[in-house]
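As stored in final_23.txt (compact mmCIF, C-alpha atoms):
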# COMPACT_ATOMS: atom_id res chain seq x y z
CA MET A 1 -33.42 14.35 0.68
CA LYS A 2 -33.20 10.62 0.09
CA THR A 3 -34.90 10.19 -3.22
CA THR A 4 -35.01 6.74 -4.76
CA GLU A 5 -32.67 7.95 -7.49
CA ALA A 6 -30.11 9.28 -5.00
CA LEU A 7 -30.12 5.99 -3.13
CA ALA A 8 -29.63 4.05 -6.36
CA GLN A 9 -26.89 6.29 -7.78
CA LYS A 10 -23.37 4.88 -7.35
CA TRP A 11 -20.30 7.13 -7.39
CA ILE A 12 -16.73 6.45 -8.48
CA CYS A 13 -13.50 7.92 -7.08
CA THR A 14 -11.65 9.56 -9.97
CA ALA A 15 -8.31 8.98 -8.23
CA CYS A 16 -8.45 5.22 -7.58
CA GLY A 17 -11.70 3.83 -9.02
CA ASP A 18 -13.34 3.01 -5.69
CA ILE A 19 -17.10 2.68 -6.07
CA TYR A 20 -19.42 4.16 -3.45
CA ASP A 21 -22.65 2.17 -3.28
CA PRO A 22 -25.34 3.85 -1.16
CA ALA A 23 -26.82 0.44 -0.29
CA GLU A 24 -23.58 -0.51 1.48
CA GLY A 25 -22.53 2.92 2.73
CA ASP A 26 -19.08 3.01 4.34
CA PRO A 27 -19.54 1.65 7.88
CA GLU A 28 -15.77 1.87 8.67
CA GLY A 29 -15.90 5.51 7.65
CA GLY A 30 -18.97 6.22 9.77
CA ILE A 31 -21.43 6.15 6.88
CA PRO A 32 -24.34 3.73 7.52
CA PRO A 33 -25.91 1.68 4.72
CA ASN A 34 -28.60 3.44 2.68
CA THR A 35 -26.87 6.82 2.76
CA ALA A 36 -27.11 8.77 -0.49
CA PHE A 37 -23.75 10.16 -1.62
CA GLU A 38 -25.10 13.71 -1.28
CA ASP A 39 -25.76 13.09 2.41
CA ILE A 40 -22.17 12.12 3.25
CA PRO A 41 -20.40 14.85 5.30
CA ASP A 42 -17.76 16.88 3.42
CA GLY A 43 -14.91 15.66 5.64
CA TRP A 44 -15.36 12.11 4.41
CA VAL A 45 -12.57 10.78 2.18
CA CYS A 46 -12.22 7.82 -0.16
CA PRO A 47 -11.74 4.64 1.92
CA VAL A 48 -9.06 3.39 -0.48
CA CYS A 49 -6.90 6.38 -1.42
CA GLY A 50 -8.07 9.23 0.81
CA ALA A 51 -9.21 11.47 -2.08
CA ARG A 52 -11.84 14.05 -1.19
CA LYS A 53 -15.58 13.61 -1.59
CA SER A 54 -15.44 16.19 -4.40
CA ASP A 55 -13.13 13.85 -6.34
CA TYR A 56 -16.00 11.40 -6.88
CA GLU A 57 -18.28 11.49 -9.91
CA PRO A 58 -21.53 9.64 -10.66
CA TYR A 59 -20.94 6.09 -11.85
CA ASP A 60 -23.34 4.56 -14.27
CA GLU A 61 -23.27 0.84 -14.82
CA ASP A 62 -22.56 -0.32 -18.35
CA MET B 1 -17.97 -28.41 -24.11
CA ALA B 2 -17.50 -24.80 -23.02
CA ALA B 3 -14.01 -23.33 -23.06
CA GLU B 4 -12.19 -23.27 -19.71
CA PRO B 5 -12.91 -20.05 -17.80
CA GLY B 6 -9.24 -19.61 -16.96
CA MET B 7 -7.33 -17.52 -14.44
CA LEU B 8 -8.75 -14.40 -12.86
CA LEU B 9 -6.47 -11.85 -11.21
CA ILE B 10 -8.39 -9.45 -8.98
CA GLY B 11 -6.49 -6.27 -8.15
CA GLY B 12 -4.35 -3.90 -10.18
CA GLY B 13 -1.07 -3.90 -8.28
CA VAL B 14 2.29 -5.53 -8.87
CA ALA B 15 1.10 -8.82 -7.34
CA SER B 16 -1.48 -9.35 -10.07
CA ALA B 17 0.87 -8.10 -12.79
CA SER B 18 3.68 -10.45 -11.77
CA ALA B 19 1.18 -13.32 -11.56
CA ALA B 20 0.08 -12.58 -15.14
CA VAL B 21 3.69 -12.62 -16.32
CA GLU B 22 4.45 -15.85 -14.46
CA LEU B 23 1.36 -17.63 -15.81
CA ARG B 24 2.45 -16.91 -19.37
CA GLU B 25 6.14 -17.63 -18.69
CA ARG B 26 5.14 -21.02 -17.30
CA GLY B 27 3.38 -21.74 -20.58
CA TYR B 28 -0.20 -21.43 -19.43
CA ASP B 29 -2.19 -20.72 -22.58
CA GLY B 30 -5.74 -20.51 -21.22
CA PRO B 31 -7.60 -17.24 -20.65
CA VAL B 32 -6.07 -14.78 -18.18
CA THR B 33 -8.04 -11.72 -17.06
CA LEU B 34 -6.81 -8.97 -14.73
CA LEU B 35 -9.44 -6.77 -13.12
CA THR B 36 -8.48 -3.46 -11.55
CA ARG B 37 -10.75 -0.78 -10.15
CA GLU B 38 -8.07 1.80 -10.89
CA LEU B 39 -7.97 4.07 -13.90
CA ASP B 40 -4.51 2.92 -14.97
CA ALA B 41 -2.89 -0.40 -15.78
CA PRO B 42 -0.80 -1.83 -12.90
CA TYR B 43 1.74 0.76 -11.78
CA HIS B 44 4.57 1.02 -9.28
CA ARG B 45 3.31 2.64 -6.11
CA PRO B 46 6.57 3.47 -4.24
CA PRO B 47 7.50 6.41 -6.55
CA ILE B 48 4.29 8.17 -5.47
CA SER B 49 5.91 9.06 -2.16
CA LYS B 50 9.38 9.38 -3.65
CA GLY B 51 10.30 10.57 -7.15
CA LEU B 52 6.81 11.55 -8.29
CA LEU B 53 6.71 14.33 -5.69
CA LEU B 54 10.11 15.58 -6.81
CA GLY B 55 8.74 15.74 -10.34
CA THR B 56 11.28 13.37 -11.84
CA GLY B 57 8.50 12.21 -14.18
CA GLU B 58 9.02 8.51 -13.75
CA ASP B 59 6.99 6.15 -15.89
CA LEU B 60 5.08 4.17 -13.28
CA ALA B 61 3.74 1.35 -15.49
CA VAL B 62 4.79 -2.13 -14.33
CA LEU B 63 4.63 -3.54 -17.86
CA PRO B 64 4.89 -1.90 -21.28
CA GLU B 65 1.48 -0.94 -22.68
CA GLN B 66 1.77 -3.53 -25.45
CA TRP B 67 2.60 -6.41 -23.10
CA TRP B 68 -1.03 -7.21 -22.30
CA ALA B 69 -2.18 -7.62 -25.89
CA ASP B 70 1.07 -9.31 -26.91
CA HIS B 71 0.54 -11.96 -24.23
CA ASP B 72 -3.21 -12.26 -24.72
CA VAL B 73 -4.00 -11.11 -21.18
CA GLN B 74 -7.25 -9.20 -20.86
CA MET B 75 -6.56 -6.23 -18.61
CA LEU B 76 -9.68 -4.33 -17.57
CA THR B 77 -9.35 -0.97 -15.78
CA ARG B 78 -12.23 0.74 -13.92
CA SER B 79 -13.47 -2.76 -13.23
CA ALA B 80 -14.19 -3.02 -9.52
CA VAL B 81 -15.28 -6.48 -8.42
CA THR B 82 -18.28 -6.31 -6.12
CA THR B 83 -19.03 -10.00 -5.52
CA LEU B 84 -16.93 -13.14 -5.37
CA ASP B 85 -18.99 -16.33 -5.43
CA LEU B 86 -16.75 -19.17 -4.24
CA ALA B 87 -19.29 -21.93 -4.89
CA ALA B 88 -20.06 -20.80 -8.43
CA ARG B 89 -16.41 -19.79 -9.05
CA SER B 90 -17.45 -16.47 -10.51
CA VAL B 91 -17.24 -12.75 -9.84
CA THR B 92 -19.59 -9.86 -10.54
CA LEU B 93 -18.24 -6.44 -11.47
CA ALA B 94 -19.73 -3.07 -10.52
CA SER B 95 -20.88 -2.95 -14.15
CA LYS B 96 -22.96 -6.10 -13.39
CA ARG B 97 -20.82 -8.13 -15.78
CA GLU B 98 -20.08 -11.67 -14.59
CA LEU B 99 -16.91 -13.67 -15.13
CA ALA B 100 -16.17 -17.29 -14.25
CA TYR B 101 -12.77 -18.69 -13.21
CA ASP B 102 -10.89 -21.92 -12.65
CA LYS B 103 -8.50 -20.27 -10.18
CA ALA B 104 -8.61 -16.74 -8.84
CA LEU B 105 -6.03 -14.49 -7.21
CA VAL B 106 -7.37 -11.95 -4.73
CA ALA B 107 -4.72 -9.23 -4.62
CA THR B 108 -6.83 -6.31 -3.51
CA GLY B 109 -4.00 -4.51 -1.72
CA ALA B 110 -4.37 -2.00 1.06
CA MET B 111 -6.21 1.21 1.77
CA VAL B 112 -5.09 4.35 3.58
CA ARG B 113 -5.70 4.50 7.31
CA ARG B 114 -8.12 7.41 7.62
CA LEU B 115 -7.95 9.88 10.48
CA PRO B 116 -11.49 11.20 10.90
CA VAL B 117 -10.75 14.17 13.17
CA PRO B 118 -12.58 17.52 13.26
CA GLY B 119 -11.52 19.78 10.42
CA ALA B 120 -10.74 16.90 8.06
CA ALA B 121 -12.87 18.59 5.37
CA LEU B 122 -10.52 21.59 5.09
CA ARG B 123 -8.63 22.04 1.86
CA GLY B 124 -4.92 21.30 1.84
CA ILE B 125 -5.16 17.97 3.66
CA HIS B 126 -3.88 15.04 1.63
CA TYR B 127 -3.39 11.30 1.70
CA LEU B 128 -1.05 9.51 -0.72
CA ARG B 129 -1.98 6.26 -2.43
CA ALA B 130 -2.77 6.77 -6.12
CA PRO B 131 -0.90 8.95 -8.65
CA MET B 132 -3.71 11.50 -8.66
CA ASN B 133 -3.27 12.00 -4.90
CA ALA B 134 0.35 13.03 -5.59
CA ARG B 135 -0.71 15.34 -8.42
CA SER B 136 -3.34 16.95 -6.22
CA LEU B 137 -0.72 17.47 -3.49
CA GLY B 138 1.64 18.87 -6.10
CA GLU B 139 -0.92 21.52 -7.06
CA ASP B 140 -0.98 22.75 -3.45
CA LEU B 141 2.80 22.96 -3.39
CA ALA B 142 3.40 25.31 -6.32
CA THR B 143 5.01 27.84 -3.96
CA PRO B 144 6.97 27.17 -0.72
CA LYS B 145 4.63 26.05 2.02
CA ARG B 146 4.58 25.02 5.66
CA VAL B 147 3.84 21.31 5.52
CA VAL B 148 2.92 19.09 8.45
CA LEU B 149 3.37 15.33 7.99
CA ILE B 150 1.20 13.16 10.21
CA GLY B 151 2.86 9.83 11.03
CA GLY B 152 6.32 8.49 11.79
CA SER B 153 6.53 5.66 9.30
CA PHE B 154 8.72 5.49 6.21
CA ILE B 155 6.05 7.13 4.01
CA ALA B 156 5.97 10.24 6.20
CA VAL B 157 9.78 10.24 6.34
CA GLU B 158 10.11 9.94 2.55
CA VAL B 159 7.58 12.68 1.90
CA ALA B 160 9.12 15.00 4.52
CA ALA B 161 12.53 14.54 2.94
CA SER B 162 11.28 15.02 -0.64
CA LEU B 163 9.31 18.16 0.25
CA THR B 164 12.16 19.66 2.28
CA LYS B 165 14.42 19.10 -0.71
CA MET B 166 11.86 21.03 -2.81
CA GLY B 167 12.10 23.99 -0.46
CA HIS B 168 9.09 23.47 1.79
CA GLU B 169 9.24 23.88 5.55
CA CYS B 170 8.36 20.50 7.05
CA THR B 171 7.24 19.40 10.49
CA MET B 172 6.66 15.75 11.36
CA LEU B 173 4.03 14.94 13.98
CA MET B 174 3.97 11.39 15.31
CA LEU B 175 2.79 9.22 18.18
CA GLU B 176 6.16 7.47 18.36
CA ASP B 177 9.16 8.77 20.31
CA ARG B 178 11.11 8.84 17.05
CA CYS B 179 10.32 8.25 13.40
CA LEU B 180 10.73 4.66 12.17
CA ASP B 181 10.52 3.45 15.77
CA ARG B 182 7.94 0.83 14.85
CA THR B 183 9.67 -0.38 11.72
CA PHE B 184 13.40 -0.36 12.52
CA GLY B 185 13.88 1.27 15.90
CA GLY B 186 17.20 1.47 17.73
CA VAL B 187 20.28 3.02 16.13
CA VAL B 188 18.56 3.31 12.73
CA ALA B 189 15.69 5.39 14.08
CA GLU B 190 18.21 7.55 15.92
CA HIS B 191 20.31 7.96 12.77
CA VAL B 192 17.31 8.92 10.59
CA ASP B 193 15.99 11.27 13.27
CA GLN B 194 19.32 13.11 13.31
CA LEU B 195 19.51 13.12 9.52
CA LEU B 196 16.05 14.70 9.16
CA ARG B 197 16.74 17.28 11.88
CA SER B 198 20.08 18.18 10.26
CA HIS B 199 18.17 19.07 7.09
CA GLY B 200 15.87 21.38 9.03
CA ILE B 201 12.84 19.16 9.58
CA THR B 202 11.07 19.85 12.87
CA MET B 203 10.17 16.70 14.81
CA ILE B 204 7.24 16.64 17.20
CA CYS B 205 7.26 13.19 18.75
CA GLY B 206 5.02 11.42 21.24
CA ALA B 207 2.10 13.62 20.25
CA SER B 208 -1.25 12.71 18.79
CA LEU B 209 -3.43 14.58 16.35
CA ALA B 210 -6.60 16.15 17.77
CA GLU B 211 -7.96 18.30 14.96
CA PHE B 212 -7.30 20.65 12.08
CA HIS B 213 -8.06 24.37 12.22
CA GLY B 214 -8.71 26.74 9.34
CA ASP B 215 -11.39 28.60 7.41
CA GLU B 216 -11.49 27.11 3.97
CA ASN B 217 -7.90 25.91 3.89
CA VAL B 218 -6.13 24.22 6.78
CA SER B 219 -4.10 26.74 8.81
CA ALA B 220 -3.02 24.73 11.85
CA VAL B 221 -2.69 21.21 13.19
CA ILE B 222 -3.78 20.89 16.82
CA THR B 223 -2.39 18.15 19.06
CA GLU B 224 -4.16 16.39 21.93
CA ASP B 225 -1.93 18.23 24.40
CA GLY B 226 -3.02 21.56 22.96
CA ARG B 227 -0.10 22.50 20.73
CA SER B 228 -0.89 24.40 17.54
CA ILE B 229 1.40 23.83 14.56
CA PRO B 230 0.97 26.30 11.69
CA ALA B 231 0.30 24.51 8.39
CA ASP B 232 -0.60 25.40 4.81
CA VAL B 233 -0.59 21.77 3.71
CA VAL B 234 -0.97 18.49 5.63
CA VAL B 235 0.04 15.04 4.41
CA ILE B 236 -1.35 12.09 6.33
CA GLY B 237 0.88 9.00 6.30
CA ALA B 238 -0.71 7.01 9.10
CA GLY B 239 -0.26 3.58 7.58
CA ALA B 240 -2.48 1.27 5.59
CA VAL B 241 -5.13 -1.35 6.25
CA PRO B 242 -5.59 -4.44 4.06
CA ASP B 243 -8.53 -4.25 1.68
CA VAL B 244 -10.38 -7.46 2.45
CA LYS B 245 -13.91 -6.26 1.81
CA LEU B 246 -14.41 -8.57 -1.16
CA ALA B 247 -12.69 -11.53 0.53
CA ARG B 248 -14.69 -11.12 3.73
CA SER B 249 -18.05 -10.84 1.97
CA ALA B 250 -17.17 -13.95 -0.06
CA GLY B 251 -16.58 -15.88 3.15
CA LEU B 252 -12.81 -16.33 2.91
CA THR B 253 -11.09 -16.65 6.28
CA ILE B 254 -9.51 -13.43 7.56
CA GLY B 255 -6.34 -13.73 9.66
CA GLU B 256 -5.25 -12.04 12.88
CA SER B 257 -3.46 -9.20 11.12
CA GLY B 258 -6.64 -8.46 9.19
CA GLY B 259 -5.30 -9.95 5.96
CA ILE B 260 -6.70 -12.82 3.90
CA ALA B 261 -5.54 -15.96 5.70
CA CYS B 262 -3.41 -18.19 3.44
CA ASP B 263 -1.35 -21.31 3.90
CA ALA B 264 2.38 -21.44 3.08
CA THR B 265 1.55 -21.77 -0.63
CA LEU B 266 -0.58 -18.58 -0.57
CA ARG B 267 -3.79 -20.54 -0.95
CA THR B 268 -6.76 -19.05 0.89
CA SER B 269 -9.41 -20.99 2.82
CA ASP B 270 -10.94 -21.78 -0.59
CA ALA B 271 -9.01 -24.32 -2.67
CA HIS B 272 -9.48 -22.34 -5.90
CA VAL B 273 -8.54 -18.92 -4.57
CA TYR B 274 -5.05 -17.55 -3.80
CA SER B 275 -3.88 -14.25 -2.43
CA ALA B 276 -0.75 -12.09 -2.74
CA GLY B 277 0.45 -8.63 -1.81
CA ASP B 278 -0.63 -6.26 0.94
CA ALA B 279 -3.93 -8.07 1.54
CA CYS B 280 -2.29 -11.50 1.97
CA GLU B 281 -1.53 -12.96 5.38
CA TYR B 282 0.38 -16.19 4.83
CA ASP B 283 1.75 -18.88 7.04
CA SER B 284 5.41 -18.09 6.38
CA VAL B 285 7.85 -20.96 6.61
CA LEU B 286 10.75 -18.50 6.97
CA HIS B 287 9.13 -16.48 9.75
CA GLY B 288 7.63 -19.53 11.44
CA MET B 289 4.34 -17.67 11.85
CA PRO B 290 1.59 -15.96 9.85
CA VAL B 291 2.73 -12.60 8.49
CA ARG B 292 1.39 -9.88 6.26
CA ILE B 293 3.96 -7.81 4.40
CA GLU B 294 3.37 -4.44 2.79
CA HIS B 295 6.34 -4.05 0.46
CA GLU B 296 6.27 -3.86 -3.29
CA GLN B 297 9.05 -6.35 -3.97
CA HIS B 298 7.39 -8.89 -1.73
CA ALA B 299 4.03 -8.42 -3.46
CA GLN B 300 5.79 -9.06 -6.76
CA ALA B 301 7.44 -12.23 -5.43
CA GLN B 302 4.16 -13.45 -3.97
CA GLY B 303 2.43 -12.92 -7.31
CA VAL B 304 4.97 -15.29 -8.85
CA THR B 305 4.51 -17.95 -6.15
CA ALA B 306 0.71 -17.67 -6.34
CA ALA B 307 0.72 -18.04 -10.13
CA ARG B 308 2.85 -21.19 -9.93
CA ASN B 309 0.53 -22.66 -7.35
CA MET B 310 -2.55 -21.73 -9.36
CA LEU B 311 -0.98 -24.00 -11.98
CA GLY B 312 -0.58 -26.78 -9.43
CA ALA B 313 3.05 -26.45 -8.33
CA ASN B 314 2.19 -26.60 -4.61
CA GLU B 315 5.33 -24.68 -3.55
CA ASP B 316 5.80 -22.84 -0.27
CA HIS B 317 6.48 -19.12 -0.58
CA ARG B 318 10.09 -18.91 0.63
CA VAL B 319 11.29 -15.42 -0.20
CA VAL B 320 13.06 -13.24 2.36
CA PRO B 321 11.17 -9.92 2.44
CA TYR B 322 13.18 -7.01 1.04
CA PHE B 323 12.38 -3.37 1.41
CA TRP B 324 14.05 -0.08 0.61
CA THR B 325 13.36 3.54 1.38
CA ASP B 326 14.81 6.66 -0.26
CA ILE B 327 15.14 9.58 2.10
CA ALA B 328 15.45 12.21 -0.66
CA ASP B 329 19.04 11.84 -1.94
CA TRP B 330 20.32 11.97 1.63
CA ALA B 331 20.21 8.23 2.30
CA THR B 332 18.81 4.98 0.98
CA LEU B 333 18.05 2.27 3.48
CA GLU B 334 17.65 -1.35 2.40
CA TYR B 335 16.38 -4.15 4.56
CA VAL B 336 16.02 -7.91 4.45
CA GLY B 337 14.50 -9.79 7.32
CA VAL B 338 12.08 -12.32 8.69
CA SER B 339 11.51 -11.13 12.24
CA ALA B 340 10.81 -7.99 14.20
CA THR B 341 12.23 -9.44 17.42
CA HIS B 342 15.89 -10.10 18.19
CA ASP B 343 18.22 -10.69 21.13
CA GLU B 344 21.48 -9.49 19.61
CA GLU B 345 22.40 -6.49 17.48
CA LEU B 346 25.69 -5.71 15.75
CA VAL B 347 26.54 -2.56 13.83
CA THR B 348 29.29 -2.70 11.21
CA GLY B 349 30.63 0.27 9.24
CA SER B 350 30.21 3.81 10.43
CA LEU B 351 26.99 5.54 11.40
CA GLU B 352 28.81 8.90 11.32
CA ALA B 353 29.89 8.31 7.73
CA GLY B 354 26.37 7.17 6.80
CA GLU B 355 27.67 3.79 5.63
CA PHE B 356 26.65 1.00 7.94
CA THR B 357 24.76 -2.24 8.41
CA VAL B 358 22.71 -3.20 11.43
CA TRP B 359 22.58 -6.97 11.89
CA ARG B 360 20.08 -8.61 14.21
CA SER B 361 19.92 -12.18 15.37
CA SER B 362 17.69 -14.27 17.55
CA ALA B 363 18.93 -17.40 19.36
CA GLY B 364 22.11 -17.24 17.28
CA ARG B 365 20.35 -17.04 13.90
CA LEU B 366 20.42 -13.94 11.73
CA VAL B 367 16.87 -12.60 11.41
CA SER B 368 17.38 -9.23 9.71
CA ALA B 369 19.87 -6.78 8.28
CA LEU B 370 19.41 -3.14 7.44
CA THR B 371 22.03 -1.36 5.42
CA CYS B 372 22.83 2.13 4.33
CA GLY B 373 25.36 2.13 1.52
CA ARG B 374 26.64 -1.46 1.86
CA PRO B 375 24.52 -3.45 -0.60
CA ALA B 376 26.86 -6.47 -0.59
CA ASP B 377 25.87 -7.05 3.03
CA LEU B 378 22.29 -7.65 1.90
CA ASP B 379 23.26 -10.65 -0.22
CA ALA B 380 25.25 -12.14 2.66
CA ALA B 381 22.32 -11.52 4.98
CA ARG B 382 19.79 -13.11 2.64
CA THR B 383 21.92 -16.23 2.36
CA ALA B 384 22.46 -16.47 6.11
CA ILE B 385 18.74 -16.02 6.83
CA LEU B 386 17.78 -18.76 4.35
CA ASP B 387 20.46 -21.07 5.79
CA GLY B 388 19.51 -20.34 9.39
CA GLY B 389 23.07 -19.11 9.95
CA PRO B 390 24.53 -16.58 12.41
CA ILE B 391 25.51 -12.97 11.70
CA PRO B 392 28.13 -13.30 8.91
CA ALA B 393 31.59 -12.58 10.33

Spell out the structure here as structure tokens.
Amino acid sequence: MKTTEALAQKWICTACGDIYDPAEGDPEGGIPPNTAFEDIPDGWVCPVCGARKSDYEPYDED
Amino acid sequence: MAAEPGMLLIGGGVASASAAVELRERGYDGPVTLLTRELDAPYHRPPISKGLLLGTGEDLAVLPEQWWADHDVQMLTRSAVTTLDLAARSVTLASKRELAYDKALVATGAMVRRLPVPGAALRGIHYLRAPMNARSLGEDLATPKRVVLIGGSFIAVEVAASLTKMGHECTMLMLEDRCLDRTFGGVVAEHVDQLLRSHGITMICGASLAEFHGDENVSAVITEDGRSIPADVVVIGAGAVPDVKLARSAGLTIGESGGIACDATLRTSDAHVYSAGDACEYDSVLHGMPVRIEHEQHAQAQGVTAARNMLGANEDHRVVPYFWTDIADWATLEYVGVSATHDEELVTGSLEAGEFTVWRSSAGRLVSALTCGRPADLDAARTAILDGGPIPA
């Protein structure tokens, strides 16, 4: 479910530091903008290094 | 009056690191900040598909840990840049922090080419880009496994060789008719193909990936023409794409190869922003056309040129690209060159003995040389290419 919190929560790839921002999504990877991280299919991988979705962790600014 | 904002190096690869070194070596004493999204300080990437897999425990750091503080360069890890504002000459980080600059280097590198086929979520499927990707692959390879490598480029070749050496049973699956066909082709591709086969690697050429099968873990790779290749582990080495997300959103011009378009001095379409490394497409004087080069040594050399030009040198980048590949300890290939096309090819030495050089020229001028075991030929080739000379006699 797309709660406001889920759509605001950014995630970081623990392999390469890529940040997933729900507002942007990952259009090249088939993920439209405004997709909460939880709603990304399991087969999705990090756009930068190819790490798995499970290698991401919540990223909190500052 | 506020202090000068200084030089900003965006990206944590060798291009940014060599730019930092060059700025200080040239005597620049203003602020220098390097921003990398990665968890580690700039590191050498080539060992990830070479020695790191063999567990030779190489130290990957480009510079000693103390170098940054000793040279008063602020190096910030886990610092992804989300916005580049060309008009304001500032960037915003994912942490919302803002930094201003006098000159910026955008050296954001490249990203893996993803293959979003059915079954991609299965365990045991790996890409290789960051050290943790290699460690994660290593965990899956604790006991001998059947490994399928997807791709025919040098990364797939290097990994296939390293893993075979470690006792795994490797199969290479590629679109090309032979591995390295797109990079070197000809007698070199033939030589490497034979070398890999002679070490027991199975080659499946001219085939494309359709999907992965398995329950939780991958168990087979399925090709478009219906073949099923048993697999415990898959490594995808399908090339890289330049990471120009930041540059594009900032409004910098993107070139035909998909890289950040730069002039011969590595300056982008914005007078205060330069580029270097895998993301940089520059108008090469030596090639006579815009090129984008994905080799570590070239990224390093471009970092140096960019740094000089950020300080106002206004020099063209005139370095002949160099590249090497280790195929386990079976062969090391080294290459210098400025063109992929040629009208004449000469092989010296002996292919059978594994000690040879392939020289290529176009309209009488040497354009590239690839050697296996004859390093002196590389120096001769570099000189001839810079001089516009023929194949050295």

Practice problem: Output as a PyMOL selection string the set of chain A residues within 9 Å of chain B, with distances taken over all atoms listed in the file. | Solution: chain A and resi 14-19+29+41-53+60-62

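Atom to atom, CA of Leu286 (chain B) and CA of Val320 (chain B) stand 7.4 Å apart.
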
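From CA of Lys245 (chain B) back to CA of Asp26 (chain A), the distance works out to 10.9 Å.
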
Practice problem: Calculate how many Å separate CA of Ala107 (chain B) from CA of Leu86 (chain B), rounding to one decimal. | Solution: 15.6 Å

Exercise. Please identify all polymer residues within 9 Å of Asp316 (chain B), counting all atoms listed in the file, omitting same-chain residues fewer than 3 positions from it, and present them as a ChimeraX atom specification.
Key: /B:263-266,284-285,305,309

Self-check item: Counting only C-alpha atoms, the residue of B:Val106, B:Cys205, B:Ile391, B:Leu23 that sits nearest Gly259 (chain B)
Solution: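 Answer, going by the shortest atom-to-atom distance: B:Val106.
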
Quiz prompt | Selection near Glu38 (chain A), 12 Å with all atoms listed in the file, sequence-local residues under 3 positions removed, as a list in words | solution = Met1, Lys2, Thr3, Glu5, Ala6, Leu7, Ala8, Gln9, Lys10, Trp11, Tyr20, Asp21, Pro22, Gly25, Ile31, Asn34, Thr35, Pro41, Asp42, Trp44, Lys53, Ser54, Tyr56, Glu57 and Pro58 of chain A

Kindly provide, as an mmCIF file with C-alpha atoms, in the frame of the given file, the polymer residues lying within 12 Å of (26.9, 2.4, -2.9), counting all atoms listed in the file and using the coordinates exactly as they appear in the file.
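Done, and the output landed in part.cif:
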data_model
loop_
_atom_site.group_PDB
_atom_site.id
_atom_site.type_symbol
_atom_site.label_atom_id
_atom_site.label_comp_id
_atom_site.auth_asym_id
_atom_site.auth_seq_id
_atom_site.Cartn_x
_atom_site.Cartn_y
_atom_site.Cartn_z
ATOM 1 C CA ALA B 331 20.210 8.230 2.300
ATOM 2 C CA THR B 332 18.810 4.980 0.980
ATOM 3 C CA LEU B 333 18.050 2.270 3.480
ATOM 4 C CA GLU B 334 17.650 -1.350 2.400
ATOM 5 C CA GLY B 354 26.370 7.170 6.800
ATOM 6 C CA GLU B 355 27.670 3.790 5.630
ATOM 7 C CA PHE B 356 26.650 1.000 7.940
ATOM 8 C CA THR B 371 22.030 -1.360 5.420
ATOM 9 C CA CYS B 372 22.830 2.130 4.330
ATOM 10 C CA GLY B 373 25.360 2.130 1.520
ATOM 11 C CA ARG B 374 26.640 -1.460 1.860
ATOM 12 C CA PRO B 375 24.520 -3.450 -0.600
ATOM 13 C CA ALA B 376 26.860 -6.470 -0.590
ATOM 14 C CA ASP B 377 25.870 -7.050 3.030
#
